[in-house]
>>> print(open('query.cif').read())   # mmCIF, C-alpha atoms and all ligand atoms; chains and numbers go by the auth columns
data_final
loop_
_atom_site.group_PDB
_atom_site.id
_atom_site.type_symbol
_atom_site.label_atom_id
_atom_site.label_comp_id
_atom_site.label_asym_id
_atom_site.label_seq_id
_atom_site.Cartn_x
_atom_site.Cartn_y
_atom_site.Cartn_z
_atom_site.B_iso_or_equiv
_atom_site.auth_seq_id
_atom_site.auth_asym_id
ATOM 1 C CA MET A 1 -8.103 26.802 16.312 0.00 25 A
ATOM 2 C CA PRO A 2 -9.110 23.103 16.650 0.00 26 A
ATOM 3 C CA LYS A 3 -6.761 21.170 18.919 0.00 27 A
ATOM 4 C CA LEU A 4 -4.318 18.553 17.575 0.00 28 A
ATOM 5 C CA THR A 5 -3.928 15.418 19.732 0.00 29 A
ATOM 6 C CA LEU A 6 -1.608 12.557 18.814 0.00 30 A
ATOM 7 C CA TYR A 7 -2.375 9.123 20.264 0.00 31 A
ATOM 8 C CA HIS A 8 1.113 7.819 20.700 0.00 32 A
ATOM 9 C CA ALA A 9 3.357 5.049 21.970 0.00 33 A
ATOM 10 C CA ALA A 10 7.111 5.584 21.792 0.00 34 A
ATOM 11 C CA PRO A 11 8.636 4.191 19.679 0.00 35 A
ATOM 12 C CA SER A 12 6.095 2.935 17.174 0.00 36 A
ATOM 13 C CA ARG A 13 4.597 4.021 13.874 0.00 37 A
ATOM 14 C CA SER A 14 3.101 6.952 15.775 0.00 38 A
ATOM 15 C CA SER A 15 6.691 8.260 16.030 0.00 39 A
ATOM 16 C CA ILE A 16 6.370 9.049 12.299 0.00 40 A
ATOM 17 C CA VAL A 17 3.514 11.438 13.080 0.00 41 A
ATOM 18 C CA HIS A 18 5.340 12.768 16.138 0.00 42 A
ATOM 19 C CA TRP A 19 8.184 13.768 13.812 0.00 43 A
ATOM 20 C CA MET A 20 5.707 15.244 11.299 0.00 44 A
ATOM 21 C CA LEU A 21 4.104 17.354 14.033 0.00 45 A
ATOM 22 C CA GLU A 22 7.517 18.678 15.021 0.00 46 A
ATOM 23 C CA GLU A 23 8.187 19.581 11.375 0.00 47 A
ATOM 24 C CA LEU A 24 4.828 21.346 11.260 0.00 48 A
ATOM 25 C CA GLY A 25 5.521 23.615 14.216 0.00 49 A
ATOM 26 C CA GLU A 26 1.870 23.797 15.331 0.00 50 A
ATOM 27 C CA PRO A 27 0.958 23.193 18.991 0.00 51 A
ATOM 28 C CA TYR A 28 -0.197 19.653 19.774 0.00 52 A
ATOM 29 C CA ASP A 29 -0.893 17.360 22.702 0.00 53 A
ATOM 30 C CA ILE A 30 0.188 13.783 23.177 0.00 54 A
ATOM 31 C CA GLU A 31 -2.137 11.148 24.612 0.00 55 A
ATOM 32 C CA LEU A 32 -0.068 8.103 25.518 0.00 56 A
ATOM 33 C CA VAL A 33 -1.537 4.664 24.788 0.00 57 A
ATOM 34 C CA SER A 34 0.225 1.732 26.435 0.00 58 A
ATOM 35 C CA PHE A 35 0.571 -1.434 24.355 0.00 59 A
ATOM 36 C CA LYS A 36 1.888 -3.199 27.469 0.00 60 A
ATOM 37 C CA LYS A 37 -1.313 -2.486 29.365 0.00 61 A
ATOM 38 C CA GLY A 38 -3.381 -3.366 26.296 0.00 62 A
ATOM 39 C CA GLU A 39 -4.882 0.128 26.204 0.00 63 A
ATOM 40 C CA ASN A 40 -5.041 0.048 22.407 0.00 64 A
ATOM 41 C CA ARG A 41 -7.575 -2.800 22.696 0.00 65 A
ATOM 42 C CA GLN A 42 -9.708 -1.091 25.362 0.00 66 A
ATOM 43 C CA PRO A 43 -13.104 0.455 24.455 0.00 67 A
ATOM 44 C CA ALA A 44 -11.844 3.998 25.161 0.00 68 A
ATOM 45 C CA PHE A 45 -9.212 3.768 22.432 0.00 69 A
ATOM 46 C CA LEU A 46 -11.263 1.551 20.098 0.00 70 A
ATOM 47 C CA ALA A 47 -13.767 4.422 20.026 0.00 71 A
ATOM 48 C CA VAL A 48 -10.963 6.522 18.502 0.00 72 A
ATOM 49 C CA ASN A 49 -9.539 3.876 16.176 0.00 73 A
ATOM 50 C CA PRO A 50 -11.567 0.657 15.869 0.00 74 A
ATOM 51 C CA MET A 51 -8.433 -0.942 14.352 0.00 75 A
ATOM 52 C CA GLY A 52 -6.805 -0.769 17.797 0.00 76 A
ATOM 53 C CA LYS A 53 -3.689 0.665 16.174 0.00 77 A
ATOM 54 C CA LEU A 54 -1.443 3.696 16.514 0.00 78 A
ATOM 55 C CA PRO A 55 -1.057 6.330 15.310 0.00 79 A
ATOM 56 C CA ALA A 56 -4.324 8.188 15.487 0.00 80 A
ATOM 57 C CA LEU A 57 -4.653 11.940 15.332 0.00 81 A
ATOM 58 C CA LYS A 58 -7.570 14.033 16.535 0.00 82 A
ATOM 59 C CA HIS A 59 -7.952 17.462 14.948 0.00 83 A
ATOM 60 C CA GLY A 60 -10.955 19.090 16.571 0.00 84 A
ATOM 61 C CA ASP A 61 -13.709 16.498 16.088 0.00 85 A
ATOM 62 C CA THR A 62 -11.975 14.757 13.174 0.00 86 A
ATOM 63 C CA VAL A 63 -10.033 11.549 13.735 0.00 87 A
ATOM 64 C CA ILE A 64 -7.461 10.507 11.156 0.00 88 A
ATOM 65 C CA THR A 65 -5.635 7.188 11.240 0.00 89 A
ATOM 66 C CA GLU A 66 -2.931 5.615 9.044 0.00 90 A
ATOM 67 C CA ALA A 67 0.451 7.305 9.413 0.00 91 A
ATOM 68 C CA ALA A 68 0.827 8.326 5.766 0.00 92 A
ATOM 69 C CA ALA A 69 -2.734 9.682 5.572 0.00 93 A
ATOM 70 C CA ILE A 70 -2.131 11.732 8.716 0.00 94 A
ATOM 71 C CA CYS A 71 1.097 13.184 7.270 0.00 95 A
ATOM 72 C CA THR A 72 -0.669 14.018 3.992 0.00 96 A
ATOM 73 C CA TYR A 73 -3.548 15.630 5.897 0.00 97 A
ATOM 74 C CA LEU A 74 -1.317 17.736 8.134 0.00 98 A
ATOM 75 C CA ALA A 75 0.824 18.950 5.255 0.00 99 A
ATOM 76 C CA ASP A 76 -2.280 20.076 3.319 0.00 100 A
ATOM 77 C CA GLU A 77 -4.106 21.463 6.345 0.00 101 A
ATOM 78 C CA PHE A 78 -1.157 23.621 7.439 0.00 102 A
ATOM 79 C CA PRO A 79 0.403 24.779 4.139 0.00 103 A
ATOM 80 C CA ARG A 80 2.346 27.499 5.929 0.00 104 A
ATOM 81 C CA ALA A 81 4.910 24.858 6.887 0.00 105 A
ATOM 82 C CA LYS A 82 5.550 24.157 3.173 0.00 106 A
ATOM 83 C CA LEU A 83 5.566 20.399 3.713 0.00 107 A
ATOM 84 C CA ASN A 84 3.084 19.692 0.916 0.00 108 A
ATOM 85 C CA VAL A 85 2.993 20.088 -2.824 0.00 109 A
ATOM 86 C CA PRO A 86 -0.341 21.843 -3.364 0.00 110 A
ATOM 87 C CA ILE A 87 -3.110 20.962 -5.807 0.00 111 A
ATOM 88 C CA GLY A 88 -2.338 22.595 -9.157 0.00 112 A
ATOM 89 C CA ASP A 89 1.418 22.142 -8.838 0.00 113 A
ATOM 90 C CA PRO A 90 2.598 19.706 -11.536 0.00 114 A
ATOM 91 C CA ARG A 91 4.892 18.020 -8.977 0.00 115 A
ATOM 92 C CA ARG A 92 1.943 16.949 -6.797 0.00 116 A
ATOM 93 C CA GLY A 93 1.420 13.644 -8.593 0.00 117 A
ATOM 94 C CA VAL A 94 4.934 12.452 -7.832 0.00 118 A
ATOM 95 C CA TYR A 95 4.660 13.748 -4.262 0.00 119 A
ATOM 96 C CA LEU A 96 1.447 11.735 -3.709 0.00 120 A
ATOM 97 C CA LYS A 97 3.034 8.675 -5.328 0.00 121 A
ATOM 98 C CA TRP A 98 5.734 8.642 -2.632 0.00 122 A
ATOM 99 C CA LEU A 99 3.238 9.147 0.180 0.00 123 A
ATOM 100 C CA PHE A 100 1.374 6.018 -0.979 0.00 124 A
ATOM 101 C CA PHE A 101 4.512 4.083 -1.958 0.00 125 A
ATOM 102 C CA GLY A 102 5.699 4.093 1.691 0.00 126 A
ATOM 103 C CA PRO A 103 2.918 2.012 3.243 0.00 127 A
ATOM 104 C CA SER A 104 1.817 0.093 0.144 0.00 128 A
ATOM 105 C CA CYS A 105 5.217 -0.872 -1.277 0.00 129 A
ATOM 106 C CA ILE A 106 8.208 -0.271 1.034 0.00 130 A
ATOM 107 C CA GLU A 107 6.516 -1.319 4.256 0.00 131 A
ATOM 108 C CA ALA A 108 4.725 -4.285 2.711 0.00 132 A
ATOM 109 C CA ALA A 109 7.945 -5.506 1.050 0.00 133 A
ATOM 110 C CA MET A 110 9.918 -5.134 4.309 0.00 134 A
ATOM 111 C CA ILE A 111 7.368 -6.986 6.425 0.00 135 A
ATOM 112 C CA ASP A 112 7.042 -9.813 3.896 0.00 136 A
ATOM 113 C CA ARG A 113 10.830 -10.143 3.844 0.00 137 A
ATOM 114 C CA ALA A 114 10.971 -10.209 7.673 0.00 138 A
ATOM 115 C CA SER A 115 8.084 -12.714 7.986 0.00 139 A
ATOM 116 C CA PRO A 116 8.096 -14.775 4.787 0.00 140 A
ATOM 117 C CA ARG A 117 4.857 -16.447 3.749 0.00 141 A
ATOM 118 C CA LYS A 118 4.633 -20.250 3.618 0.00 142 A
ATOM 119 C CA GLU A 119 3.809 -19.999 -0.026 0.00 143 A
ATOM 120 C CA GLU A 120 5.331 -17.077 -1.857 0.00 144 A
ATOM 121 C CA ALA A 121 2.697 -14.955 -3.587 0.00 145 A
ATOM 122 C CA ARG A 122 3.072 -14.349 -7.308 0.00 146 A
ATOM 123 C CA ARG A 123 4.842 -11.076 -8.178 0.00 147 A
ATOM 124 C CA ALA A 124 1.889 -9.939 -10.257 0.00 148 A
ATOM 125 C CA MET A 125 -0.446 -10.369 -7.281 0.00 149 A
ATOM 126 C CA LEU A 126 1.714 -8.419 -4.837 0.00 150 A
ATOM 127 C CA GLY A 127 1.062 -4.682 -4.944 0.00 151 A
ATOM 128 C CA TYR A 128 4.739 -4.038 -4.396 0.00 152 A
ATOM 129 C CA GLY A 129 5.951 -6.563 -6.978 0.00 153 A
ATOM 130 C CA ASP A 130 9.205 -7.699 -5.432 0.00 154 A
ATOM 131 C CA PHE A 131 11.531 -6.511 -2.683 0.00 155 A
ATOM 132 C CA ASP A 132 14.564 -5.762 -4.854 0.00 156 A
ATOM 133 C CA THR A 133 12.631 -3.625 -7.338 0.00 157 A
ATOM 134 C CA VAL A 134 11.082 -1.636 -4.487 0.00 158 A
ATOM 135 C CA MET A 135 14.547 -0.986 -3.047 0.00 159 A
ATOM 136 C CA ASP A 136 16.046 -0.092 -6.459 0.00 160 A
ATOM 137 C CA VAL A 137 13.230 2.349 -7.294 0.00 161 A
ATOM 138 C CA THR A 138 13.451 3.979 -3.853 0.00 162 A
ATOM 139 C CA ALA A 139 17.247 4.235 -3.974 0.00 163 A
ATOM 140 C CA LYS A 140 17.104 5.927 -7.372 0.00 164 A
ATOM 141 C CA ALA A 141 14.567 8.457 -6.051 0.00 165 A
ATOM 142 C CA VAL A 142 16.636 9.488 -3.023 0.00 166 A
ATOM 143 C CA ALA A 143 20.041 9.359 -4.746 0.00 167 A
ATOM 144 C CA LYS A 144 19.999 12.884 -6.160 0.00 168 A
ATOM 145 C CA GLY A 145 18.611 14.624 -3.114 0.00 169 A
ATOM 146 C CA PRO A 146 18.736 16.298 -0.931 0.00 170 A
ATOM 147 C CA PHE A 147 15.109 15.143 -0.645 0.00 171 A
ATOM 148 C CA LEU A 148 12.561 13.186 -2.670 0.00 172 A
ATOM 149 C CA MET A 149 11.144 16.322 -4.259 0.00 173 A
ATOM 150 C CA GLY A 150 14.570 17.918 -4.662 0.00 174 A
ATOM 151 C CA GLU A 151 15.378 20.948 -2.505 0.00 175 A
ATOM 152 C CA GLN A 152 11.968 20.938 -0.815 0.00 176 A
ATOM 153 C CA PHE A 153 11.594 18.677 2.230 0.00 177 A
ATOM 154 C CA THR A 154 7.999 17.363 2.256 0.00 178 A
ATOM 155 C CA ALA A 155 5.679 15.050 4.144 0.00 179 A
ATOM 156 C CA ALA A 156 6.774 12.361 1.658 0.00 180 A
ATOM 157 C CA ASP A 157 10.261 12.499 3.200 0.00 181 A
ATOM 158 C CA VAL A 158 8.737 11.929 6.628 0.00 182 A
ATOM 159 C CA VAL A 159 6.950 8.796 5.390 0.00 183 A
ATOM 160 C CA ILE A 160 9.703 7.376 3.169 0.00 184 A
ATOM 161 C CA GLY A 161 12.497 8.635 5.443 0.00 185 A
ATOM 162 C CA ALA A 162 10.953 6.892 8.458 0.00 186 A
ATOM 163 C CA ASN A 163 10.612 3.650 6.446 0.00 187 A
ATOM 164 C CA ILE A 164 14.240 3.783 5.391 0.00 188 A
ATOM 165 C CA ARG A 165 15.671 4.818 8.776 0.00 189 A
ATOM 166 C CA TRP A 166 13.667 2.271 10.780 0.00 190 A
ATOM 167 C CA GLY A 167 14.050 -0.356 8.087 0.00 191 A
ATOM 168 C CA MET A 168 17.845 -0.119 8.288 0.00 192 A
ATOM 169 C CA ILE A 169 17.825 -0.129 12.116 0.00 193 A
ATOM 170 C CA PHE A 170 15.780 -3.361 12.096 0.00 194 A
ATOM 171 C CA LYS A 171 17.884 -4.802 9.244 0.00 195 A
ATOM 172 C CA MET A 172 14.859 -4.972 6.948 0.00 196 A
ATOM 173 C CA VAL A 173 16.237 -2.427 4.453 0.00 197 A
ATOM 174 C CA PRO A 174 19.718 -2.959 3.007 0.00 198 A
ATOM 175 C CA GLU A 175 22.351 -0.460 4.146 0.00 199 A
ATOM 176 C CA ARG A 176 23.061 0.888 0.661 0.00 200 A
ATOM 177 C CA ALA A 177 25.182 4.040 0.419 0.00 201 A
ATOM 178 C CA THR A 178 22.236 5.987 -1.068 0.00 202 A
ATOM 179 C CA PHE A 179 19.986 5.038 1.856 0.00 203 A
ATOM 180 C CA LEU A 180 22.681 5.815 4.430 0.00 204 A
ATOM 181 C CA ASP A 181 23.305 9.237 2.868 0.00 205 A
ATOM 182 C CA TYR A 182 19.592 10.065 2.708 0.00 206 A
ATOM 183 C CA ALA A 183 19.094 8.921 6.313 0.00 207 A
ATOM 184 C CA ALA A 184 22.055 11.067 7.391 0.00 208 A
ATOM 185 C CA ARG A 185 20.550 14.130 5.689 0.00 209 A
ATOM 186 C CA ILE A 186 17.255 13.501 7.436 0.00 210 A
ATOM 187 C CA ALA A 187 18.881 12.886 10.828 0.00 211 A
ATOM 188 C CA LYS A 188 20.212 16.447 10.731 0.00 212 A
ATOM 189 C CA ARG A 189 16.714 17.917 10.842 0.00 213 A
ATOM 190 C CA PRO A 190 16.024 19.583 14.195 0.00 214 A
ATOM 191 C CA ALA A 191 12.414 18.301 14.117 0.00 215 A
ATOM 192 C CA VAL A 192 13.440 14.637 13.950 0.00 216 A
ATOM 193 C CA GLN A 193 15.980 15.240 16.714 0.00 217 A
ATOM 194 C CA ARG A 194 13.339 16.844 18.957 0.00 218 A
ATOM 195 C CA ALA A 195 10.836 14.060 18.313 0.00 219 A
ATOM 196 C CA GLU A 196 13.408 11.348 18.992 0.00 220 A
ATOM 197 C CA ALA A 197 14.640 12.996 22.198 0.00 221 A
ATOM 198 C CA ARG A 198 11.079 13.266 23.478 0.00 222 A
ATOM 199 C CA ASP A 199 10.334 9.677 22.447 0.00 223 A
ATOM 200 C CA LYS A 200 13.376 8.507 24.417 0.00 224 A
ATOM 201 C CA ALA A 201 12.203 10.439 27.474 0.00 225 A
ATOM 202 C CA LEU A 202 8.688 9.009 27.095 0.00 226 A
ATOM 203 C CA GLN A 203 10.103 5.502 26.758 0.00 227 A
ATOM 204 C CA ALA A 204 12.202 5.913 29.892 0.00 228 A
ATOM 205 C CA GLY A 205 9.336 7.446 31.893 0.00 229 A
HETATM 206 N N1 LIG B . -1.361 0.817 8.700 0.00 301 A
HETATM 207 C C1 LIG B . -1.114 1.462 9.977 0.00 301 A
HETATM 208 C C2 LIG B . -0.298 0.494 10.833 0.00 301 A
HETATM 209 C C3 LIG B . -0.320 0.893 12.264 0.00 301 A
HETATM 210 C C4 LIG B . 0.311 -0.158 13.162 0.00 301 A
HETATM 211 O O1 LIG B . 0.431 -1.343 12.816 0.00 301 A
HETATM 212 N N2 LIG B . 0.711 0.284 14.354 0.00 301 A
HETATM 213 C C5 LIG B . 1.275 -0.616 15.320 0.00 301 A
HETATM 214 C C6 LIG B . 2.407 0.114 16.080 0.00 301 A
HETATM 215 S S1 LIG B . 3.882 0.235 15.157 0.00 301 A
HETATM 216 C C7 LIG B . 0.216 -0.962 16.361 0.00 301 A
HETATM 217 O O2 LIG B . -0.606 -0.142 16.704 0.00 301 A
HETATM 218 N N3 LIG B . 0.286 -2.190 16.875 0.00 301 A
HETATM 219 C C8 LIG B . -0.514 -2.600 17.980 0.00 301 A
HETATM 220 C C9 LIG B . -1.448 -3.720 17.658 0.00 301 A
HETATM 221 O O3 LIG B . -1.704 -3.998 16.488 0.00 301 A
HETATM 222 O O4 LIG B . -1.937 -4.341 18.605 0.00 301 A
HETATM 223 C C10 LIG B . -0.369 2.789 9.790 0.00 301 A
HETATM 224 O O5 LIG B . 0.429 2.888 8.851 0.00 301 A
HETATM 225 O O6 LIG B . -0.597 3.728 10.549 0.00 301 A
#
>>> encode(input="query.cif", output="structure tokens", more="lines below")
Ligand SMILES: N[C@@H](CCC(=O)N[C@@H](CS)C(=O)NCC(=O)O)C(=O)O
Amino acid sequence: MPKLTLYHAAPSRSSIVHWMLEELGEPYDIELVSFKKGENRQPAFLAVNPMGKLPALKHGDTVITEAAAICTYLADEFPRAKLNVPIGDPRRGVYLKWLFFGPSCIEAAMIDRASPRKEEARRAMLGYGDFDTVMDVTAKAVAKGPFLMGEQFTAADVVIGANIRWGMIFKMVPERATFLDYAARIAKRPAVQRAEARDKALQAG
């Protein structure tokens, strides 16, 4: 079976994929990339991801970058873990919507809020519209639970769950009761606990 290697720095957006890999339950290796030493800007890593950014995942000879794309890929590639909604299932459209909504709406809205532009862009020009609508739409989706797709935990919960958990830690997402409850449900997952414990050890080491 082709080897899975995560290029990782703990904690960073590659922690999202670290969690996803723990959910998947397939063997994988970690290749640490030090931001402090500037390794992400060195030719060796730029050959993996010319963006100089983490995460990157190697699966055999294939390199995938962009956290949400990696989670989508892994869920489809290893369906045994039941973290995807497969092609042909009428729920797949909504599942894909959330996988894209994470980076294109929640993350973009959070970062713009944390680092406001000199001149505010028009709502119609911003892919995410406005911060409050993004938060309202997300809150409504996670309110019923336990997960975005109902009883099934999917890769979309890894992407959106990571946005919400990290967003609240960095005070970029409001601590609404719905978000706190969803984050608490996610925090109970053994896979997230394993990934976080290992990230802490990597950070300390
Ligand atoms: N769009 C990328 C963003 C990746 C990203 O910005 N990663 C940060 C770590 S959290 C990074 O590599 N920063 C180092 C740098 O840009 O020099 C994704 O979602 O995977």
>>> closest_atom_pairs(input="query.cif", of="range 41-61 of chain A", to="range 178-183 of chain A", cutoff="9 Å", atoms="all atoms listed in the file", output="CSV")
residue,atom,partner,partner_atom,distance
A:Val41,CA,A:Val182,CA,8.3
A:Trp43,CA,A:Val182,CA,7.4
A:Met44,CA,A:Val182,CA,6.5
A:Glu47,CA,A:Ala179,CA,8.9
>>> closest_residue(input="query.cif", among="A:Met149, A:Ile94, A:Ile210, A:Ile130", to="ligand LIG 301 (chain A)", atoms="only C-alpha atoms and all ligand atoms")
A:Ile94
>>> closest_residue(input="query.cif", among="A:Lys60, A:His32, A:Arg189, A:Arg115", to="Leu226 in chain A", atoms="all atoms listed in the file")
A:His32
>>> residues_near_ligand(input="query.cif", ligand="ligand LIG 301 (chain A)", cutoff="8 Å", atoms="only C-alpha atoms and all ligand atoms", output="list of chain:residue names")
A:Ala33, A:Pro35, A:Ser36, A:Arg37, A:Ser38, A:Phe59, A:Gly62, A:Asn64, A:Arg65, A:Met75, A:Gly76, A:Lys77, A:Leu78, A:Pro79, A:Ala80, A:Thr89, A:Glu90, A:Ala91, A:Ala92, A:Pro127
>>> write_last_selection(input="query.cif", atoms="C-alpha atoms", output="PDB file, in the frame of the given file")
ATOM      1  CA  ALA A  33       3.357   5.049  21.970  1.00  0.00           C
ATOM      2  CA  PRO A  35       8.636   4.191  19.679  1.00  0.00           C
ATOM      3  CA  SER A  36       6.095   2.935  17.174  1.00  0.00           C
ATOM      4  CA  ARG A  37       4.597   4.021  13.874  1.00  0.00           C
ATOM      5  CA  SER A  38       3.101   6.952  15.775  1.00  0.00           C
ATOM      6  CA  PHE A  59       0.571  -1.434  24.355  1.00  0.00           C
ATOM      7  CA  GLY A  62      -3.381  -3.366  26.296  1.00  0.00           C
ATOM      8  CA  ASN A  64      -5.041   0.048  22.407  1.00  0.00           C
ATOM      9  CA  ARG A  65      -7.575  -2.800  22.696  1.00  0.00           C
ATOM     10  CA  MET A  75      -8.433  -0.942  14.352  1.00  0.00           C
ATOM     11  CA  GLY A  76      -6.805  -0.769  17.797  1.00  0.00           C
ATOM     12  CA  LYS A  77      -3.689   0.665  16.174  1.00  0.00           C
ATOM     13  CA  LEU A  78      -1.443   3.696  16.514  1.00  0.00           C
ATOM     14  CA  PRO A  79      -1.057   6.330  15.310  1.00  0.00           C
ATOM     15  CA  ALA A  80      -4.324   8.188  15.487  1.00  0.00           C
ATOM     16  CA  THR A  89      -5.635   7.188  11.240  1.00  0.00           C
ATOM     17  CA  GLU A  90      -2.931   5.615   9.044  1.00  0.00           C
ATOM     18  CA  ALA A  91       0.451   7.305   9.413  1.00  0.00           C
ATOM     19  CA  ALA A  92       0.827   8.326   5.766  1.00  0.00           C
ATOM     20  CA  PRO A 127       2.918   2.012   3.243  1.00  0.00           C
TER      21      PRO A 127
END
>>> resolve_selection(input="query.cif", expression="the PyMOL selection byres (((chain A and resi 197) around 12) and not hetatm)", output="mmCIF file with C-alpha atoms, in the coordinates of the input")
data_model
loop_
_atom_site.group_PDB
_atom_site.id
_atom_site.type_symbol
_atom_site.label_atom_id
_atom_site.label_comp_id
_atom_site.auth_asym_id
_atom_site.auth_seq_id
_atom_site.Cartn_x
_atom_site.Cartn_y
_atom_site.Cartn_z
ATOM 1 C CA ILE A 130 8.208 -0.271 1.034
ATOM 2 C CA GLU A 131 6.516 -1.319 4.256
ATOM 3 C CA ALA A 132 4.725 -4.285 2.711
ATOM 4 C CA ALA A 133 7.945 -5.506 1.050
ATOM 5 C CA MET A 134 9.918 -5.134 4.309
ATOM 6 C CA ILE A 135 7.368 -6.986 6.425
ATOM 7 C CA ASP A 136 7.042 -9.813 3.896
ATOM 8 C CA ARG A 137 10.830 -10.143 3.844
ATOM 9 C CA ALA A 138 10.971 -10.209 7.673
ATOM 10 C CA PHE A 155 11.531 -6.511 -2.683
ATOM 11 C CA ASP A 156 14.564 -5.762 -4.854
ATOM 12 C CA VAL A 158 11.082 -1.636 -4.487
ATOM 13 C CA MET A 159 14.547 -0.986 -3.047
ATOM 14 C CA ASP A 160 16.046 -0.092 -6.459
ATOM 15 C CA THR A 162 13.451 3.979 -3.853
ATOM 16 C CA ALA A 163 17.247 4.235 -3.974
ATOM 17 C CA ILE A 184 9.703 7.376 3.169
ATOM 18 C CA GLY A 185 12.497 8.635 5.443
ATOM 19 C CA ALA A 186 10.953 6.892 8.458
ATOM 20 C CA ASN A 187 10.612 3.650 6.446
ATOM 21 C CA ILE A 188 14.240 3.783 5.391
ATOM 22 C CA ARG A 189 15.671 4.818 8.776
ATOM 23 C CA TRP A 190 13.667 2.271 10.780
ATOM 24 C CA GLY A 191 14.050 -0.356 8.087
ATOM 25 C CA MET A 192 17.845 -0.119 8.288
ATOM 26 C CA ILE A 193 17.825 -0.129 12.116
ATOM 27 C CA PHE A 194 15.780 -3.361 12.096
ATOM 28 C CA LYS A 195 17.884 -4.802 9.244
ATOM 29 C CA MET A 196 14.859 -4.972 6.948
ATOM 30 C CA PRO A 198 19.718 -2.959 3.007
ATOM 31 C CA GLU A 199 22.351 -0.460 4.146
ATOM 32 C CA ARG A 200 23.061 0.888 0.661
ATOM 33 C CA ALA A 201 25.182 4.040 0.419
ATOM 34 C CA THR A 202 22.236 5.987 -1.068
ATOM 35 C CA PHE A 203 19.986 5.038 1.856
ATOM 36 C CA LEU A 204 22.681 5.815 4.430
ATOM 37 C CA ALA A 207 19.094 8.921 6.313
#
>>> atom_distance(input="query.cif", atom1="CA of Glu144 in chain A", atom2="CA of Val161 in chain A")
21.7 Å
>>> axis_aligned_box(input="query.cif", around="range 152-160 of chain A", padding_each_side="4 Å", output="AutoDock Vina command-line options")
--center_x 10.4 --center_y -3.9 --center_z -5.0 --size_x 19.3 --size_y 15.6 --size_z 12.7
>>> resolve_selection(input="query.cif", expression="the PyMOL selection byres (((chain A and resi 98-111) around 12) and not hetatm)", output="PyMOL selection string")
chain A and resi 25-26+28+30+41-52+81-83+88-89+91-97+112-123+171-183
>>> resolve_selection(input="query.cif", expression="the PyMOL selection byres (((chain A and resi 219-221) around 8) and not hetatm)", output="MDAnalysis selection string")
chainID A and resid 39 42:43 46 215:218 222:225
>>> atom_distance(input="query.cif", atom1="CA of Thr86 in chain A", atom2="CA of Thr29 in chain A")
10.4 Å
>>> atom_distance(input="query.cif", atom1="CA of Gly153 in chain A", atom2="CA of Ser139 in chain A")
16.3 Å
>>> decode(input="query.cif", residues="range 167-176 of chain A", atoms="N, CA, C and O atoms", output="PDB file, in the first residue's frame")
ATOM      1  N   ALA A 167     -26.197  23.092  15.274  1.00  0.00           N
ATOM      2  CA  ALA A 167     -27.075  23.148  16.460  1.00  0.00           C
ATOM      3  C   ALA A 167     -27.736  21.799  16.748  1.00  0.00           C
ATOM      4  O   ALA A 167     -27.802  21.364  17.891  1.00  0.00           O
ATOM      5  N   LYS A 168     -28.198  21.130  15.689  1.00  0.00           N
ATOM      6  CA  LYS A 168     -28.973  19.907  15.896  1.00  0.00           C
ATOM      7  C   LYS A 168     -28.075  18.753  16.336  1.00  0.00           C
ATOM      8  O   LYS A 168     -28.341  18.072  17.316  1.00  0.00           O
ATOM      9  N   GLY A 169     -27.007  18.569  15.606  1.00  0.00           N
ATOM     10  CA  GLY A 169     -26.005  17.579  15.939  1.00  0.00           C
ATOM     11  C   GLY A 169     -26.447  16.140  15.836  1.00  0.00           C
ATOM     12  O   GLY A 169     -27.510  15.872  15.285  1.00  0.00           O
ATOM     13  N   PRO A 170     -25.662  15.209  16.347  1.00  0.00           N
ATOM     14  CA  PRO A 170     -24.412  15.595  16.994  1.00  0.00           C
ATOM     15  C   PRO A 170     -23.368  16.185  16.039  1.00  0.00           C
ATOM     16  O   PRO A 170     -22.514  16.959  16.465  1.00  0.00           O
ATOM     17  N   PHE A 171     -23.473  15.854  14.736  1.00  0.00           N
ATOM     18  CA  PHE A 171     -22.466  16.345  13.797  1.00  0.00           C
ATOM     19  C   PHE A 171     -23.143  17.040  12.618  1.00  0.00           C
ATOM     20  O   PHE A 171     -24.369  17.025  12.518  1.00  0.00           O
ATOM     21  N   LEU A 172     -22.318  17.592  11.725  1.00  0.00           N
ATOM     22  CA  LEU A 172     -22.878  18.355  10.600  1.00  0.00           C
ATOM     23  C   LEU A 172     -23.833  17.531   9.742  1.00  0.00           C
ATOM     24  O   LEU A 172     -24.857  18.028   9.281  1.00  0.00           O
ATOM     25  N   MET A 173     -23.468  16.248   9.545  1.00  0.00           N
ATOM     26  CA  MET A 173     -24.302  15.395   8.708  1.00  0.00           C
ATOM     27  C   MET A 173     -25.230  14.542   9.567  1.00  0.00           C
ATOM     28  O   MET A 173     -25.710  13.500   9.126  1.00  0.00           O
ATOM     29  N   GLY A 174     -25.453  14.958  10.790  1.00  0.00           N
ATOM     30  CA  GLY A 174     -26.352  14.212  11.681  1.00  0.00           C
ATOM     31  C   GLY A 174     -25.562  13.240  12.538  1.00  0.00           C
ATOM     32  O   GLY A 174     -24.576  13.609  13.161  1.00  0.00           O
ATOM     33  N   GLU A 175     -25.984  11.975  12.523  1.00  0.00           N
ATOM     34  CA  GLU A 175     -25.311  10.965  13.372  1.00  0.00           C
ATOM     35  C   GLU A 175     -23.916  10.627  12.862  1.00  0.00           C
ATOM     36  O   GLU A 175     -23.062  10.207  13.637  1.00  0.00           O
ATOM     37  N   GLN A 176     -23.714  10.790  11.538  1.00  0.00           N
ATOM     38  CA  GLN A 176     -22.409  10.384  10.979  1.00  0.00           C
ATOM     39  C   GLN A 176     -21.378  11.485  11.169  1.00  0.00           C
ATOM     40  O   GLN A 176     -21.568  12.620  10.719  1.00  0.00           O
TER      41      GLN A 176
END
